[in-house]
$ cat target-v7.cif   # mmCIF, C-alpha atoms
data_query
loop_
_atom_site.label_atom_id
_atom_site.label_comp_id
_atom_site.auth_asym_id
_atom_site.auth_seq_id
_atom_site.Cartn_x
_atom_site.Cartn_y
_atom_site.Cartn_z
CA MET A 1 0.00 0.00 0.00
CA VAL A 2 2.78 2.47 0.94
CA PHE A 3 4.73 1.53 -2.21
CA ASN A 4 1.68 2.28 -4.37
CA ASP A 5 1.06 5.56 -2.54
CA CYS A 6 4.64 6.65 -3.22
CA LEU A 7 4.30 5.85 -6.93
CA ARG A 8 0.99 7.70 -7.10
CA LEU A 9 2.45 10.80 -5.37
CA ARG A 10 5.38 10.92 -7.78
CA GLU A 11 3.13 10.54 -10.82
CA GLU A 12 0.77 13.26 -9.62
CA ALA A 13 3.70 15.59 -8.91
CA HIS A 14 5.16 14.90 -12.36
CA ALA A 15 1.81 15.57 -14.05
CA ALA A 16 1.45 18.85 -12.16
CA GLY A 17 5.01 19.93 -12.96
CA GLU A 18 5.95 19.85 -9.28
CA LYS A 19 9.34 18.75 -8.00
CA ILE A 20 8.91 16.54 -4.97
CA SER A 21 11.74 15.34 -2.76
CA ASP A 22 12.16 11.87 -1.30
CA THR A 23 11.61 13.27 2.19
CA GLU A 24 8.32 14.87 1.18
CA VAL A 25 7.12 11.65 -0.45
CA GLN A 26 7.85 9.73 2.74
CA ARG A 27 6.14 12.38 4.87
CA ARG A 28 2.94 12.26 2.82
CA ALA A 29 2.86 8.47 2.30
CA VAL A 30 3.68 7.51 5.88
CA THR A 31 3.51 10.32 8.46
CA LEU A 32 0.42 12.12 7.15
CA ALA A 33 -1.25 8.90 6.03
CA LYS A 34 -1.24 7.52 9.58
CA ALA A 35 -3.42 10.43 10.69
CA ALA A 36 -6.12 9.57 8.12
CA ALA A 37 -8.89 7.22 9.21
CA GLU A 38 -8.56 4.92 6.18
CA ARG A 39 -4.81 4.54 6.83
CA ALA A 40 -4.89 4.25 10.62
CA TRP A 41 -3.78 0.62 10.40
CA LEU A 42 -0.33 1.81 9.30
CA GLY A 43 0.36 2.51 12.96
CA GLU A 44 0.28 -1.24 13.61
CA VAL A 45 3.10 -1.85 11.12
CA ALA A 46 6.78 -1.39 11.95
CA SER A 47 7.93 2.00 10.70
CA VAL A 48 11.12 0.42 9.36
CA ALA A 49 9.12 -1.64 6.87
CA LEU A 50 7.17 1.44 5.77
CA VAL A 51 10.36 3.43 5.20
CA GLN A 52 11.84 0.56 3.18
CA ALA A 53 8.72 0.53 0.98
CA CYS A 54 9.36 4.22 0.23
CA GLN A 55 12.97 3.43 -0.56
CA ASP A 56 11.89 0.66 -2.94
CA ALA A 57 9.61 3.06 -4.82
CA ARG A 58 12.40 5.64 -5.03
CA ARG A 59 14.83 3.04 -6.36
CA ALA A 60 12.29 1.84 -8.92
CA TYR A 61 11.91 5.36 -10.31
CA ARG A 62 15.66 5.97 -10.21
CA ASN A 63 16.34 2.78 -12.16
CA TRP A 64 13.71 3.75 -14.74
CA PHE A 65 15.15 7.24 -15.27
CA ASP A 66 18.73 5.92 -15.39
CA SER A 67 17.67 3.35 -17.98
CA LEU A 68 16.01 6.02 -20.13
CA SER A 69 19.08 8.26 -20.02
CA GLY A 70 21.50 5.41 -20.68
CA LYS A 71 23.20 5.72 -17.30
CA ARG A 72 22.00 2.24 -16.33
CA LYS A 73 23.51 -0.45 -18.52
CA GLY A 74 21.84 -3.66 -19.60
CA ARG A 75 18.24 -4.29 -20.55
CA LYS A 76 15.77 -1.41 -20.51
CA VAL A 77 13.85 -0.97 -17.28
CA GLY A 78 10.15 -0.27 -17.62
CA HIS A 79 7.98 2.19 -15.74
CA PRO A 80 7.37 1.13 -12.10
CA ARG A 81 4.12 -0.81 -11.70
CA PHE A 82 1.67 -0.83 -8.85
CA ARG A 83 1.71 -3.84 -6.55
CA SER A 84 -1.40 -5.88 -5.89
CA ARG A 85 -2.72 -7.23 -2.59
CA LYS A 86 -3.74 -10.34 -4.52
CA ASP A 87 -0.14 -11.26 -5.29
CA HIS A 88 0.55 -14.56 -3.60
CA ARG A 89 4.18 -13.65 -2.90
CA GLN A 90 4.55 -10.91 -0.29
CA SER A 91 7.67 -9.57 1.39
CA ALA A 92 8.79 -6.98 3.92
CA ARG A 93 12.36 -5.79 4.50
CA LEU A 94 13.69 -4.62 7.86
CA THR A 95 17.00 -2.98 8.71
CA ARG A 96 19.00 -3.43 11.92
CA ASN A 97 16.65 -1.40 14.12
CA GLY A 98 13.65 -3.48 13.04
CA PHE A 99 14.80 -6.98 13.97
CA ALA A 100 17.06 -8.85 16.38
CA LEU A 101 18.38 -12.37 16.84
CA HIS A 102 17.93 -14.18 20.15
CA GLY A 103 19.53 -17.59 19.89
CA ASP A 104 17.38 -19.62 17.52
CA ARG A 105 14.62 -17.02 17.44
CA LEU A 106 14.10 -13.97 15.23
CA TYR A 107 12.50 -10.88 16.73
CA VAL A 108 10.56 -8.73 14.25
CA ALA A 109 9.27 -5.31 15.28
CA LYS A 110 5.51 -5.18 15.93
CA VAL A 111 5.36 -8.97 15.47
CA GLY A 112 7.46 -10.51 18.23
CA ASP A 113 9.71 -13.55 18.45
CA LEU A 114 9.50 -16.05 15.61
CA ARG A 115 10.81 -19.61 15.63
CA VAL A 116 13.25 -20.15 12.78
CA ARG A 117 14.58 -23.34 11.22
CA TRP A 118 18.08 -22.35 10.24
CA SER A 119 19.36 -23.71 6.95
CA ARG A 120 22.90 -22.62 7.85
CA LEU A 121 24.77 -20.51 10.38
CA LEU A 122 25.17 -16.83 9.55
CA PRO A 123 28.80 -16.01 8.68
CA SER A 124 28.52 -12.47 10.07
CA VAL A 125 26.10 -10.06 11.70
CA PRO A 126 23.22 -9.39 9.27
CA SER A 127 22.52 -5.84 8.15
CA SER A 128 18.92 -6.47 7.08
CA VAL A 129 16.34 -9.22 6.79
CA THR A 130 13.54 -9.77 4.30
CA VAL A 131 10.56 -11.77 5.53
CA ILE A 132 8.99 -13.49 2.51
CA ARG A 133 5.69 -15.29 2.22
CA GLU A 134 5.76 -17.57 -0.81
CA ALA A 135 2.74 -18.62 -2.86
CA ASP A 136 2.68 -22.06 -1.21
CA GLY A 137 2.18 -20.49 2.24
CA ARG A 138 5.73 -20.93 3.51
CA TYR A 139 7.58 -18.09 5.22
CA TYR A 140 11.29 -17.43 4.72
CA ALA A 141 13.74 -15.05 6.36
CA SER A 142 16.48 -13.91 3.97
CA PHE A 143 19.42 -12.14 5.65
CA VAL A 144 21.93 -9.80 4.06
CA VAL A 145 25.38 -10.62 5.45
CA GLU A 146 28.94 -9.84 4.49
CA VAL A 147 30.81 -12.92 3.29
CA ALA A 148 34.58 -12.78 3.19
CA ALA A 149 36.34 -14.00 0.06
CA THR A 150 37.99 -17.40 0.52
CA PRO A 151 40.36 -17.93 -2.43
CA LEU A 152 41.04 -21.53 -3.37
CA PRO A 153 44.53 -22.83 -4.19
CA VAL A 154 45.63 -21.92 -7.71
CA VAL A 155 45.29 -24.72 -10.25
CA SER A 156 46.59 -24.91 -13.80
CA GLN A 157 43.42 -26.31 -15.36
CA ASP A 158 40.83 -24.27 -17.25
CA VAL A 159 37.68 -25.37 -19.05
CA GLY A 160 35.35 -24.25 -21.83
CA LEU A 161 31.59 -24.76 -21.58
CA ASP A 162 29.10 -25.20 -24.39
CA LEU A 163 25.58 -24.85 -23.00
CA GLY A 164 22.81 -26.86 -24.62
CA LEU A 165 19.47 -28.60 -24.20
CA SER A 166 20.24 -32.25 -24.94
CA VAL A 167 22.94 -31.90 -22.28
CA LEU A 168 23.11 -28.97 -19.90
CA ALA A 169 26.77 -28.35 -20.70
CA ALA A 170 29.61 -30.02 -22.55
CA THR A 171 33.13 -29.31 -21.30
CA SER A 172 36.33 -29.06 -23.28
CA ASP A 173 37.60 -32.05 -21.26
CA GLY A 174 34.97 -34.27 -22.89
CA GLU A 175 32.50 -34.36 -19.98
CA LEU A 176 28.77 -34.16 -20.70
CA ILE A 177 26.78 -32.66 -17.82
CA ALA A 178 23.25 -34.04 -17.94
CA ASN A 179 20.20 -31.80 -18.23
CA PRO A 180 17.73 -33.07 -15.58
CA ARG A 181 14.72 -31.27 -17.19
CA HIS A 182 13.09 -30.65 -13.83
CA LEU A 183 9.93 -29.05 -15.24
CA ARG A 184 9.42 -31.80 -17.82
CA ARG A 185 9.64 -34.41 -15.08
CA ARG A 186 6.84 -32.83 -13.09
CA GLU A 187 4.64 -31.73 -15.97
CA ARG A 188 2.09 -34.49 -15.45
CA LYS A 189 1.69 -33.79 -11.74
CA LEU A 190 1.59 -30.06 -12.40
CA ALA A 191 -1.02 -30.44 -15.16
CA ARG A 192 -3.18 -32.62 -12.91
CA ALA A 193 -3.00 -30.06 -10.09
CA GLN A 194 -3.87 -27.23 -12.48
CA ARG A 195 -6.88 -29.13 -13.83
CA VAL A 196 -8.16 -29.63 -10.30
CA LEU A 197 -7.66 -25.92 -9.62
CA SER A 198 -9.57 -24.89 -12.74
CA ARG A 199 -12.63 -26.88 -11.61
CA LYS A 200 -12.91 -25.17 -8.21
CA GLN A 201 -15.29 -22.32 -7.66
CA LYS A 202 -13.57 -18.95 -7.46
CA GLY A 203 -13.40 -17.58 -3.95
CA SER A 204 -13.98 -20.95 -2.28
CA ALA A 205 -11.76 -22.51 0.37
CA ASN A 206 -11.22 -25.58 -1.82
CA ARG A 207 -9.87 -23.37 -4.60
CA ALA A 208 -7.41 -21.81 -2.16
CA LYS A 209 -6.19 -25.28 -1.16
CA ALA A 210 -5.89 -26.34 -4.81
CA ARG A 211 -3.90 -23.19 -5.59
CA VAL A 212 -1.45 -24.04 -2.82
CA ARG A 213 -0.98 -27.54 -4.27
CA VAL A 214 -0.07 -26.01 -7.64
CA ALA A 215 2.38 -23.65 -5.91
CA VAL A 216 4.00 -26.60 -4.11
CA GLN A 217 4.70 -28.33 -7.43
CA HIS A 218 6.30 -25.17 -8.80
CA ARG A 219 8.38 -24.83 -5.62
CA LYS A 220 9.72 -28.35 -5.96
CA VAL A 221 10.75 -27.69 -9.56
CA ARG A 222 12.39 -24.40 -8.60
CA GLU A 223 14.32 -25.82 -5.66
CA ALA A 224 15.50 -28.92 -7.54
CA ARG A 225 16.75 -26.77 -10.42
CA ALA A 226 18.54 -24.35 -8.10
CA ASP A 227 20.19 -27.19 -6.18
CA HIS A 228 21.54 -28.79 -9.36
CA LEU A 229 22.82 -25.50 -10.79
CA HIS A 230 24.53 -24.53 -7.52
CA LYS A 231 26.34 -27.87 -7.28
CA THR A 232 27.36 -27.79 -10.94
CA ALA A 233 28.69 -24.23 -10.74
CA LEU A 234 30.60 -24.89 -7.53
CA ARG A 235 32.26 -28.02 -8.94
CA LEU A 236 33.34 -26.23 -12.12
CA VAL A 237 34.75 -23.27 -10.19
CA ARG A 238 36.51 -25.46 -7.65
CA ASP A 239 38.24 -27.65 -10.26
CA ASN A 240 39.27 -24.94 -12.74
CA GLN A 241 41.17 -21.69 -12.49
CA ALA A 242 39.23 -20.18 -15.41
CA VAL A 243 35.85 -21.02 -16.93
CA TYR A 244 34.97 -19.87 -20.45
CA VAL A 245 31.31 -19.65 -21.51
CA GLU A 246 29.29 -18.20 -24.36
CA ASP A 247 27.46 -14.91 -23.87
CA LEU A 248 24.10 -16.32 -24.93
CA ALA A 249 21.04 -14.15 -25.64
CA VAL A 250 18.69 -16.10 -23.38
CA SER A 251 15.93 -13.51 -23.64
CA GLY A 252 15.92 -13.89 -27.42
CA LEU A 253 15.94 -17.68 -27.32
CA ALA A 254 13.06 -17.53 -24.84
CA ARG A 255 10.86 -16.06 -27.58
CA THR A 256 11.24 -19.12 -29.81
CA LYS A 257 9.54 -22.51 -29.76
CA LEU A 258 12.31 -23.69 -27.44
CA ALA A 259 11.26 -21.22 -24.72
CA LYS A 260 10.10 -23.81 -22.18
CA SER A 261 13.22 -25.94 -22.59
CA VAL A 262 15.51 -22.89 -22.39
CA HIS A 263 13.93 -21.69 -19.14
CA ASP A 264 13.92 -25.22 -17.74
CA ALA A 265 17.66 -25.55 -18.37
CA GLY A 266 18.47 -22.32 -16.48
CA TRP A 267 21.40 -21.14 -18.61
CA ALA A 268 21.36 -17.57 -17.31
CA THR A 269 21.23 -18.75 -13.70
CA LEU A 270 24.16 -21.10 -14.24
CA VAL A 271 26.32 -18.33 -15.73
CA ARG A 272 25.36 -15.96 -12.90
CA LEU A 273 26.26 -18.56 -10.27
CA LEU A 274 29.57 -19.21 -11.99
CA GLU A 275 30.42 -15.50 -11.83
CA GLU A 276 29.36 -15.18 -8.17
CA LYS A 277 31.29 -18.24 -7.01
CA ALA A 278 34.33 -17.33 -9.09
CA GLU A 279 34.49 -13.92 -7.44
CA ARG A 280 34.26 -15.49 -3.98
CA TYR A 281 36.84 -18.23 -4.56
CA GLY A 282 39.39 -16.29 -6.60
CA ARG A 283 38.60 -17.80 -9.99
CA THR A 284 37.90 -16.22 -13.40
CA VAL A 285 34.87 -16.45 -15.67
CA VAL A 286 35.32 -15.18 -19.23
CA LYS A 287 32.45 -14.71 -21.68
CA VAL A 288 32.95 -15.36 -25.38
CA GLY A 289 30.93 -13.35 -27.89
CA ARG A 290 27.63 -14.92 -28.90
CA TRP A 291 28.50 -14.60 -32.60
CA PHE A 292 31.63 -16.72 -32.28
CA PRO A 293 31.06 -19.76 -34.60
CA SER A 294 32.08 -22.39 -32.05
CA SER A 295 30.17 -25.18 -33.81
CA GLN A 296 31.60 -24.43 -37.26
CA ILE A 297 35.32 -24.58 -36.52
CA CYS A 298 37.44 -27.72 -36.23
CA SER A 299 39.16 -27.56 -32.85
CA ALA A 300 42.09 -29.61 -34.22
CA CYS A 301 43.11 -27.75 -37.37
CA GLY A 302 41.06 -24.53 -37.18
CA VAL A 303 39.22 -24.92 -40.51
CA LYS A 304 35.77 -23.35 -40.57
CA ASP A 305 33.43 -25.99 -41.98
CA GLY A 306 30.26 -23.88 -42.19
CA PRO A 307 26.95 -23.98 -40.29
CA LYS A 308 25.26 -27.28 -39.50
CA PRO A 309 21.64 -28.17 -38.60
CA LEU A 310 20.91 -28.83 -34.94
CA ASP A 311 20.20 -32.50 -35.61
CA VAL A 312 23.83 -33.03 -36.65
CA ARG A 313 25.44 -34.12 -33.38
CA ALA A 314 28.70 -35.46 -34.87
CA TRP A 315 30.68 -34.49 -37.95
CA THR A 316 34.01 -35.18 -39.64
CA CYS A 317 36.38 -32.38 -40.59
CA ALA A 318 36.93 -32.31 -44.34
CA ALA A 319 40.47 -30.93 -43.90
CA CYS A 320 42.03 -33.20 -41.26
CA GLY A 321 39.53 -36.07 -41.14
CA ILE A 322 39.01 -35.97 -37.36
CA GLU A 323 35.51 -36.88 -36.18
CA HIS A 324 34.05 -34.45 -33.65
CA ASP A 325 31.23 -34.53 -31.16
CA ARG A 326 29.39 -31.27 -31.90
CA ASP A 327 29.12 -30.08 -28.28
CA ILE A 328 32.60 -31.11 -27.11
CA ASN A 329 34.20 -29.57 -30.21
CA ALA A 330 32.32 -26.32 -29.55
CA ALA A 331 33.48 -26.33 -25.92
CA ARG A 332 37.11 -26.71 -27.03
CA ASN A 333 36.75 -23.81 -29.45
CA ILE A 334 35.19 -21.71 -26.69
CA ARG A 335 38.18 -22.47 -24.46
CA LEU A 336 40.62 -21.37 -27.19
CA GLU A 337 38.68 -18.19 -27.87
CA GLY A 338 38.22 -17.53 -24.15
CA ARG A 339 41.96 -17.65 -23.60
CA LYS A 340 42.37 -15.02 -26.31
CA VAL A 341 39.67 -12.84 -24.76
CA ALA A 342 41.36 -13.11 -21.37
CA ALA A 343 44.70 -12.16 -22.93
CA GLY A 344 43.16 -9.32 -24.97
CA GLN A 345 43.89 -11.09 -28.25
CA ALA A 346 40.44 -12.30 -29.30
CA GLU A 347 40.88 -12.90 -33.00
CA THR A 348 39.97 -16.06 -34.86
CA GLN A 349 42.80 -17.61 -36.82
CA ASN A 350 42.58 -19.13 -40.27
CA ALA A 351 43.71 -22.62 -41.28
CA CYS A 352 47.35 -21.51 -41.56
CA GLY A 353 47.35 -20.16 -37.99
CA ALA A 354 47.48 -16.49 -39.00
CA ASP A 355 45.11 -13.81 -37.77
CA VAL A 356 42.13 -13.17 -40.00
CA ARG A 357 42.44 -9.45 -39.45
CA PRO A 358 45.84 -8.05 -40.57
CA GLY A 359 47.85 -5.93 -38.21
CA LEU A 360 48.08 -2.13 -38.35
CA VAL A 361 50.59 -0.60 -40.81
CA LEU A 362 51.73 2.97 -41.39
CA ALA A 363 50.01 4.81 -44.24
CA THR A 364 52.19 5.95 -47.15
CA GLY A 365 52.58 9.57 -48.06
CA ALA A 366 50.33 9.23 -51.11
CA GLU A 367 47.50 7.78 -49.01
CA ALA A 368 47.46 10.17 -46.11
CA GLY A 369 45.83 13.57 -46.26
CA THR A 370 43.62 15.21 -48.85
CA HIS A 371 44.77 15.77 -52.43
CA ARG A 372 44.32 19.34 -53.63
CA SER A 373 44.40 20.46 -57.20
CA ALA A 374 46.66 23.32 -58.22
CA ALA A 375 44.92 26.67 -58.47
#

$ encode --input "target-v7.cif" --output "structure tokens"
Amino acid sequence: MVFNDCLRLREEAHAAGEKISDTEVQRRAVTLAKAAAERAWLGEVASVALVQACQDARRAYRNWFDSLSGKRKGRKVGHPRFRSRKDHRQSARLTRNGFALHGDRLYVAKVGDLRVRWSRLLPSVPSSVTVIREADGRYYASFVVEVAATPLPVVSQDVGLDLGLSVLAATSDGELIANPRHLRRRERKLARAQRVLSRKQKGSANRAKARVRVAVQHRKVREARADHLHKTALRLVRDNQAVYVEDLAVSGLARTKLAKSVHDAGWATLVRLLEEKAERYGRTVVKVGRWFPSSQICSACGVKDGPKPLDVRAWTCAACGIEHDRDINAARNIRLEGRKVAAGQAETQNACGADVRPGLVLATGAEAGTHRSAA
């Protein structure tokens, strides 16, 4: 409610040509709103949570303006949208003066002590906590803590990864990491639960129970996928000093007929986890350009053999006669190109081992400058 009020105040001020400060927005949306009869219930909510809602609205507008001006890099950020009370996922964030830890209990302002089942010990004193209510009715407490970097011993091995759908990833060492297809495995159970939900009368208690059962199936898929990706990323980072991956356009692939399979594989999440774990453990993750023809080049002799249909999983190089597995060959090419990117020498070589792009040479006197005719 406070988040929506802050958005509404900013839009009204913008329409009226009025400049409104963050302090004034917070004063109107929180302090003055508590005095109104229809907003009297705000007094029962911890003020820290209300202030954080104002901060979220401010950050949403700041990100939108920075995206419009080009200050914020990456994908374009849309206009902030109003939140709905009917959203089944709700959250509230509290800073240090809004919560406290007492042994195995979590104290939340205006709520009291809560019993917590700890998934792990906190490595340091938390600076904030977000209490989340998921769609399946479970509550989670997510803490923000400072984690010290723990570099692993330096190893000489590096690896290239070729992400795919038949296998989640093929490595340059010849390993094929299986794609569990978590969503596909639970599609029948999920479809059955959704059919039961569609038959329930809207607003009934049975429909609410059926909705929770659908949310539970989605949670199991989400948690199984996250567990597999975390373990895969950690193993790759632990065993290799550098990991080379393709900079795939996942958002573009998600608009094709392969959208469900692409999202089920979790390519973007795997790359993000690799980068996060590499930063923590003193490793390196290098991205290779998405236009690099990793599947068209022979990793043995460097001859470019041209594009191949996706159903071609193995091919023989016409120049050297070596038979390649499509994915493993691509992973080896990604490792070679990744090493060049890391060294600042990313340039594909031709069959003779020379750079495709010639080096810079000095211009001759006849070439430089502008020729003028005699007057």

$ resolve_selection --input "target-v7.cif" --expression "the PyMOL selection byres ((chain A and resi 218-225) around 9)" --output "list in words"
Ala135, Asp136, Pro180, Arg181, His182, Leu183, Arg185, Arg186, Leu190, Arg213, Val214, Ala215, Val216, Gln217, Ala226, Asp227, His228, Leu229, His230, Asp264, Ala265 and Gly266 of chain A

$ residues_around --input "target-v7.cif" --residues "A:Lys19" --least-positions-apart "6" --cutoff "12 Å" --atoms "all atoms listed in the file" --output "mmCIF file with C-alpha atoms, keeping the file's coordinate frame"
data_model
loop_
_atom_site.group_PDB
_atom_site.id
_atom_site.type_symbol
_atom_site.label_atom_id
_atom_site.label_comp_id
_atom_site.auth_asym_id
_atom_site.auth_seq_id
_atom_site.Cartn_x
_atom_site.Cartn_y
_atom_site.Cartn_z
ATOM 1 C CA LEU A 9 2.450 10.800 -5.370
ATOM 2 C CA ARG A 10 5.380 10.920 -7.780
ATOM 3 C CA GLU A 11 3.130 10.540 -10.820
ATOM 4 C CA GLU A 12 0.770 13.260 -9.620
ATOM 5 C CA ALA A 13 3.700 15.590 -8.910
ATOM 6 C CA VAL A 25 7.120 11.650 -0.450
#

$ resolve_selection --input "target-v7.cif" --expression "the PyMOL selection byres ((chain A and resi 232) around 12)" --output "PyMOL selection string"
chain A and resi 161+168-169+171+176-180+225-231+233-239+266-267+269-271+273-274+277

$ atom_distance --input "target-v7.cif" --atom1 "atom CA of A:His324" --atom2 "atom CA of A:Ala300"
9.4 Å

$ resolve_selection --input "target-v7.cif" --expression "the PyMOL selection byres ((chain A and resi 162) around 10)" --output "count of residues only"
26

$ residues_near_point --input "target-v7.cif" --point "(2.9, 3.7, 3.8)" --cutoff "8 Å" --atoms "only C-alpha atoms" --output "list in words"
Met1, Val2, Phe3, Asp5, Cys6, Gln26, Ala29, Val30, Ala33, Leu42, Leu50, Val51, Ala53 and Cys54 of chain A

$ write_last_selection --input "target-v7.cif" --atoms "C-alpha atoms" --output "short mmCIF file (atom, residue, chain, number, x, y, z; two decimals), keeping the file's coordinate frame"
data_model
loop_
_atom_site.label_atom_id
_atom_site.label_comp_id
_atom_site.auth_asym_id
_atom_site.auth_seq_id
_atom_site.Cartn_x
_atom_site.Cartn_y
_atom_site.Cartn_z
CA MET A 1 0.00 0.00 0.00
CA VAL A 2 2.78 2.47 0.94
CA PHE A 3 4.73 1.53 -2.21
CA ASP A 5 1.06 5.56 -2.54
CA CYS A 6 4.64 6.65 -3.22
CA GLN A 26 7.85 9.73 2.74
CA ALA A 29 2.86 8.47 2.30
CA VAL A 30 3.68 7.51 5.88
CA ALA A 33 -1.25 8.90 6.03
CA LEU A 42 -0.33 1.81 9.30
CA LEU A 50 7.17 1.44 5.77
CA VAL A 51 10.36 3.43 5.20
CA ALA A 53 8.72 0.53 0.98
CA CYS A 54 9.36 4.22 0.23
#

$ residues_around --input "target-v7.cif" --residues "A:Gly282" --least-positions-apart "3" --cutoff "7 Å" --atoms "only C-alpha atoms" --output "PyMOL selection string"
chain A and resi 151-152+278-279

$ closest_residue --input "target-v7.cif" --among "A:Asn240, A:Arg272, A:Ala319, A:Thr23" --to "A:Val154" --atoms "only C-alpha atoms"
A:Asn240

$ atom_distance --input "target-v7.cif" --atom1 "atom CA of A:Ile20" --atom2 "atom CA of A:Arg83"
21.7 Å

$ atom_distance --input "target-v7.cif" --atom1 "atom CA of A:Ala254" --atom2 "atom CA of A:Ala268"
11.2 Å

$ residues_around --input "target-v7.cif" --residues "A:Arg117" --least-positions-apart "3" --cutoff "10 Å" --atoms "all atoms listed in the file" --output "VMD selection string"
chain A and resid 104 to 105 114 120 140 to 141

$ axis_aligned_box --input "target-v7.cif" --around "stretch 208-219 of chain A" --padding-each-side "4 Å" --output "AutoDock Vina command-line options"
--center_x 0.5 --center_y -25.1 --center_z -5.0 --size_x 23.8 --size_y 14.5 --size_z 15.6

$ closest_residue --input "target-v7.cif" --among "A:Glu38, A:Glu24, A:Asp158, A:Asp113" --to "A:Gln241" --atoms "only C-alpha atoms"
A:Asp158

$ closest_residue --input "target-v7.cif" --among "A:His88, A:Lys287, A:Arg115, A:Lys110" --to "A:Val212" --atoms "all atoms listed in the file"
A:His88

$ closest_residue --input "target-v7.cif" --among "A:Arg195, A:Lys308, A:Arg81, A:Arg184" --to "A:Val262" --atoms "all atoms listed in the file"
A:Arg184

$ closest_residue --input "target-v7.cif" --among "A:Gln201, A:Asn4, A:Gln194, A:Thr150" --to "A:Arg85" --atoms "only C-alpha atoms"
A:Asn4

$ decode --input "target-v7.cif" --residues "stretch 159-172 of chain A" --atoms "N, CA and C atoms" --output "CSV table (one decimal), in the first residue's frame"
chain,number,residue,atom,x,y,z
A,159,VAL,N,38.7,-24.6,-18.3
A,159,VAL,CA,37.7,-25.4,-19.0
A,159,VAL,C,36.8,-24.4,-19.9
A,160,GLY,N,36.3,-24.9,-21.0
A,160,GLY,CA,35.4,-24.2,-21.8
A,160,GLY,C,34.0,-25.0,-21.7
A,161,LEU,N,32.9,-24.2,-21.7
A,161,LEU,CA,31.6,-24.8,-21.6
A,161,LEU,C,30.8,-24.4,-22.8
A,162,ASP,N,30.1,-25.4,-23.3
A,162,ASP,CA,29.1,-25.2,-24.4
A,162,ASP,C,27.7,-25.6,-23.8
A,163,LEU,N,26.9,-24.6,-23.6
A,163,LEU,CA,25.6,-24.9,-23.0
A,163,LEU,C,24.6,-25.4,-24.1
A,164,GLY,N,23.8,-26.3,-23.7
A,164,GLY,CA,22.8,-26.9,-24.6
A,164,GLY,C,21.6,-27.4,-23.9
A,165,LEU,N,20.7,-28.1,-24.7
A,165,LEU,CA,19.5,-28.6,-24.2
A,165,LEU,C,19.5,-30.1,-24.1
A,166,SER,N,20.1,-30.8,-25.1
A,166,SER,CA,20.2,-32.3,-24.9
A,166,SER,C,21.1,-32.6,-23.7
A,167,VAL,N,22.2,-31.9,-23.5
A,167,VAL,CA,22.9,-31.9,-22.3
A,167,VAL,C,23.0,-30.5,-21.8
A,168,LEU,N,23.1,-30.3,-20.5
A,168,LEU,CA,23.1,-29.0,-19.9
A,168,LEU,C,24.4,-28.2,-20.3
A,169,ALA,N,25.5,-28.9,-20.3
A,169,ALA,CA,26.8,-28.3,-20.7
A,169,ALA,C,27.7,-29.4,-21.1
A,170,ALA,N,28.5,-29.2,-22.1
A,170,ALA,CA,29.6,-30.0,-22.5
A,170,ALA,C,30.9,-29.3,-22.3
A,171,THR,N,31.9,-29.9,-21.7
A,171,THR,CA,33.1,-29.3,-21.3
A,171,THR,C,34.2,-29.6,-22.3
A,172,SER,N,35.2,-28.8,-22.4
A,172,SER,CA,36.3,-29.1,-23.3
A,172,SER,C,37.1,-30.3,-22.9
